[in-house]
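Participant: Mind looking over this structure? Questions follow.
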Amino acid sequence: MTGTKSMSIILHSGDLDKAMAAFILAAGAAAKGMNVTMFFTFWGLGVMKKGGADKSKLSKMNMGGLGTKMMKGVMKKNNVATLTELISDCKELGVRFVACEMTMSLMNVPKEMLISEVTEIGGVGTYLDAASEGHVNLFI
Amino acid sequence: MTGTKSMSIILHSGDLDKAMAAFILAAGAAAKGMNVTMFFTFWGLGVMKKGGADKSKLSKMNMGGLGTKMMKGVMKKNNVATLTELISDCKELGVRFVACEMTMSLMNVPKEMLISEVTEIGGVGTYLDAASEGHVNLFI
Amino acid sequence: MTGTKSMSIILHSGDLDKAMAAFILAAGAAAKGMNVTMFFTFWGLGVMKKGGADKSKLSKMNMGGLGTKMMKGVMKKNNVATLTELISDCKELGVRFVACEMTMSLMNVPKEMLISEVTEIGGVGTYLDAASEGHVNLFI
């Protein structure tokens, strides 16, 4: 195990641009051979609900007139993966997806409402175990 | 001291959901025996003003219709601690609270306006000293 | 190199208060002798566009009536550096500025539109190399 670096990401935001950043970082790290754990909490859990990835929107309405729809068009033109594709890439690369138990309870989201890629449910202890081993720990 | 892990959190946001995440993480880490430092800056300092914890609101108006008031009701029903209770828990567990000196000066917040749990005032150097020793460093 | 700590910051936000926090942290760390890498992505790249630092606004309209203009006035009165000054300080202190290649392509921002302080363009791999060596890694 010596030499294996690890990364943890708490995805708290449900914004399209922040979720994209999180999955791009996770996929990149996993592709480099790092152990990656993503922990989905609050609005971030919404991204992992069935149909949730398609519904997420940009955190800012505009940047030089760039809205959510336009951004998606530009992403497609630039061959940037969609959020759904990024989630699938991460899963294939072995990224560990953990849904926050408390958020599920607060937001009334049973396991059945989550996409099948989420196979684990955990609390703050689960996160801290992963993060304490981590070399790169981000809150997004 | 060998084996003692540490965590630092900059709470920059004053949003209810982000502040809750910060204190839940801090309390969880302190309960596990980690050294935890929280540094309150910009809007995050507002949470530590007298009466500030009660005033914080969700960063998003809605998630399936879930507003601040409704969220607080759901939290109560699910026995999730309020922000005020979480702050008190963190303090009892030995979490170190540091108010950002520059923010206090910029926002015109004298020490007397902060809750008594905040016993320390510091700058970026204070934060960096704690974070450099830290195993988990988050900006929330 | 033993003993040299390092820091990485992803600046994803274009908000004035978050950008300020990022550059204040970076300048403080560099002044302490740490190796600092800043990676500019999404809205954060906008701050590094020519004229971009002056255009950034507070993430919240108000905190006790404190708007962007008023905040800038208060900063000046308190001798807090402007964003432009902070960027310049960071550069002089040796902070490494990396523009996100994918964001440049998505937002249609050629290198010529960026301020001259940004001398490097990179992807997620560039970031991960810096962050894996880092002792303090923040996503802002």
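Chain labels A, B, ... are given in the sequence in which chains occur in the structure tokens; within each chain residues are numbered consecutively from 1, and ligands are likewise numbered from 1 in the order shown.
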Based on only C-alpha atoms, which of the residues in chain A come within 8 Å of chain C? I want them as a PDB file with C-alpha atoms, in the first residue's frame.

Facilitator:
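Result saved to out-v8.pdb:
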```
ATOM      1  CA  LYS A   5      -2.267   8.373  -2.215  1.00  0.00           C
ATOM      2  CA  ASP A  17     -20.457  23.467 -12.088  1.00  0.00           C
ATOM      3  CA  LYS A  18     -19.407  22.376  -8.602  1.00  0.00           C
ATOM      4  CA  ILE A  24     -13.672  15.548 -12.823  1.00  0.00           C
ATOM      5  CA  LEU A  25     -11.258  15.705  -9.870  1.00  0.00           C
ATOM      6  CA  GLY A  28      -8.666  12.222 -12.587  1.00  0.00           C
ATOM      7  CA  ALA A  29      -7.397  11.065  -9.204  1.00  0.00           C
ATOM      8  CA  MET A  63     -20.727  34.492 -17.045  1.00  0.00           C
ATOM      9  CA  MET A  71     -23.059  25.679 -21.031  1.00  0.00           C
ATOM     10  CA  VAL A  74     -20.662  24.217 -25.197  1.00  0.00           C
ATOM     11  CA  MET A  75     -19.651  21.170 -23.143  1.00  0.00           C
ATOM     12  CA  ASN A  78     -15.987  20.494 -26.587  1.00  0.00           C
ATOM     13  CA  HIS A 135      -3.717  13.305   1.206  1.00  0.00           C
ATOM     14  CA  VAL A 136      -6.185  15.560  -0.563  1.00  0.00           C
ATOM     15  CA  ASN A 137      -9.471  16.336   1.189  1.00  0.00           C
ATOM     16  CA  LEU A 138     -11.891  18.792  -0.359  1.00  0.00           C
ATOM     17  CA  PHE A 139     -15.275  20.251   0.602  1.00  0.00           C
ATOM     18  CA  ILE A 140     -17.168  21.285  -2.515  1.00  0.00           C
TER      19      ILE A 140
END
```

Participant: Enumerate, as a PyMOL selection string, the complete set of residues in chain B that a backbone-based DSSP assignment places in alpha helix (DSSP H).

Facilitator: chain B and resi 16-31+43-47+52-55+68-77+83-92+101-106+124-133

Participant: Report the residues of segment 14-96 of chain A whose backbone DSSP state falls under strand (DSSP E or B), written as a list in words.

Facilitator: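 Residues of segment 14-96 of chain A classed as strand (DSSP E or B): Asn35, Val36, Thr37, Met38, Phe39, Phe40, Lys49 and Arg96 of chain A.
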
Participant: Applying 8 Å and only C-alpha atoms, which residues near Met34 of chain B remain after dropping the ones on its own chain fewer than 2 positions away? List them as a VMD selection string.

Facilitator: chain B and resid 4 to 7 29 to 32 36

Participant: Would you please work out which residue, of C:Gly94, C:Gly122, C:Pro110, C:Gly67, is nearest to Phe40 of chain C when using only C-alpha atoms?

Facilitator: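 Checking each candidate against Phe40 of chain C, we get C:Gly122 as the closest.
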
Participant: Check the smallest atom-to-atom distance from each of C:Ser88, C:Ala21, C:Ala130, C:Ala26 to Cys100 of chain B using only C-alpha atoms, then report the winner.

Facilitator: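 Checking each of C:Ser88, C:Ala21, C:Ala130, C:Ala26 against Cys100 of chain B, counting only C-alpha atoms, the winner is C:Ala21.
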
Participant: Which polymer residues have any atom within 9 Å of an atom of segment 112-115 of chain B, counting only C-alpha atoms, with same-chain residues fewer than 4 positions away left out, as a list of chain:residue names?

Facilitator: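 What passes the distance filter is B:Leu45, B:Gly46, B:Val47, B:Met48, B:Lys49, B:Lys50, B:Gly51, B:Gly52, B:Ala99, B:Thr119.
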
Participant: Using the selection just defined, write its residues with N, CA and C atoms as a compact mmCIF listing (two decimals), in the first residue's frame.

Facilitator:
```txt
# COMPACT_ATOMS: atom_id res chain seq x y z
N LEU B 45 -18.21 34.44 10.25
CA LEU B 45 -18.09 35.11 11.55
C LEU B 45 -19.47 35.50 12.08
N GLY B 46 -20.39 35.80 11.15
CA GLY B 46 -21.75 36.18 11.53
C GLY B 46 -22.46 35.11 12.35
N VAL B 47 -22.12 33.85 12.08
CA VAL B 47 -22.72 32.73 12.82
C VAL B 47 -22.32 32.79 14.30
N MET B 48 -21.14 33.36 14.57
CA MET B 48 -20.63 33.40 15.94
C MET B 48 -20.98 34.71 16.65
N LYS B 49 -21.74 35.57 15.98
CA LYS B 49 -22.21 36.77 16.66
C LYS B 49 -23.38 36.39 17.57
N LYS B 50 -23.54 37.12 18.65
CA LYS B 50 -24.68 36.86 19.53
C LYS B 50 -25.97 36.89 18.70
N GLY B 51 -26.72 35.83 18.74
CA GLY B 51 -27.97 35.75 17.97
C GLY B 51 -27.76 35.33 16.52
N GLY B 52 -26.50 35.21 16.10
CA GLY B 52 -26.20 34.91 14.69
C GLY B 52 -26.59 33.52 14.23
N ALA B 99 -11.72 33.56 15.87
CA ALA B 99 -12.37 34.59 15.04
C ALA B 99 -11.31 35.31 14.22
N THR B 119 -13.08 32.40 22.17
CA THR B 119 -12.15 32.97 23.15
C THR B 119 -10.85 33.44 22.50
```

Participant: To one decimal place in Å, what is the distance between atom CA of Lys111 of chain C and atom CA of Val80 of chain A?

Facilitator: 19.8 Å

Participant: By how many Å are atom CA of Gly44 of chain B and atom CA of Val109 of chain B apart?

Facilitator: 12.5 Å
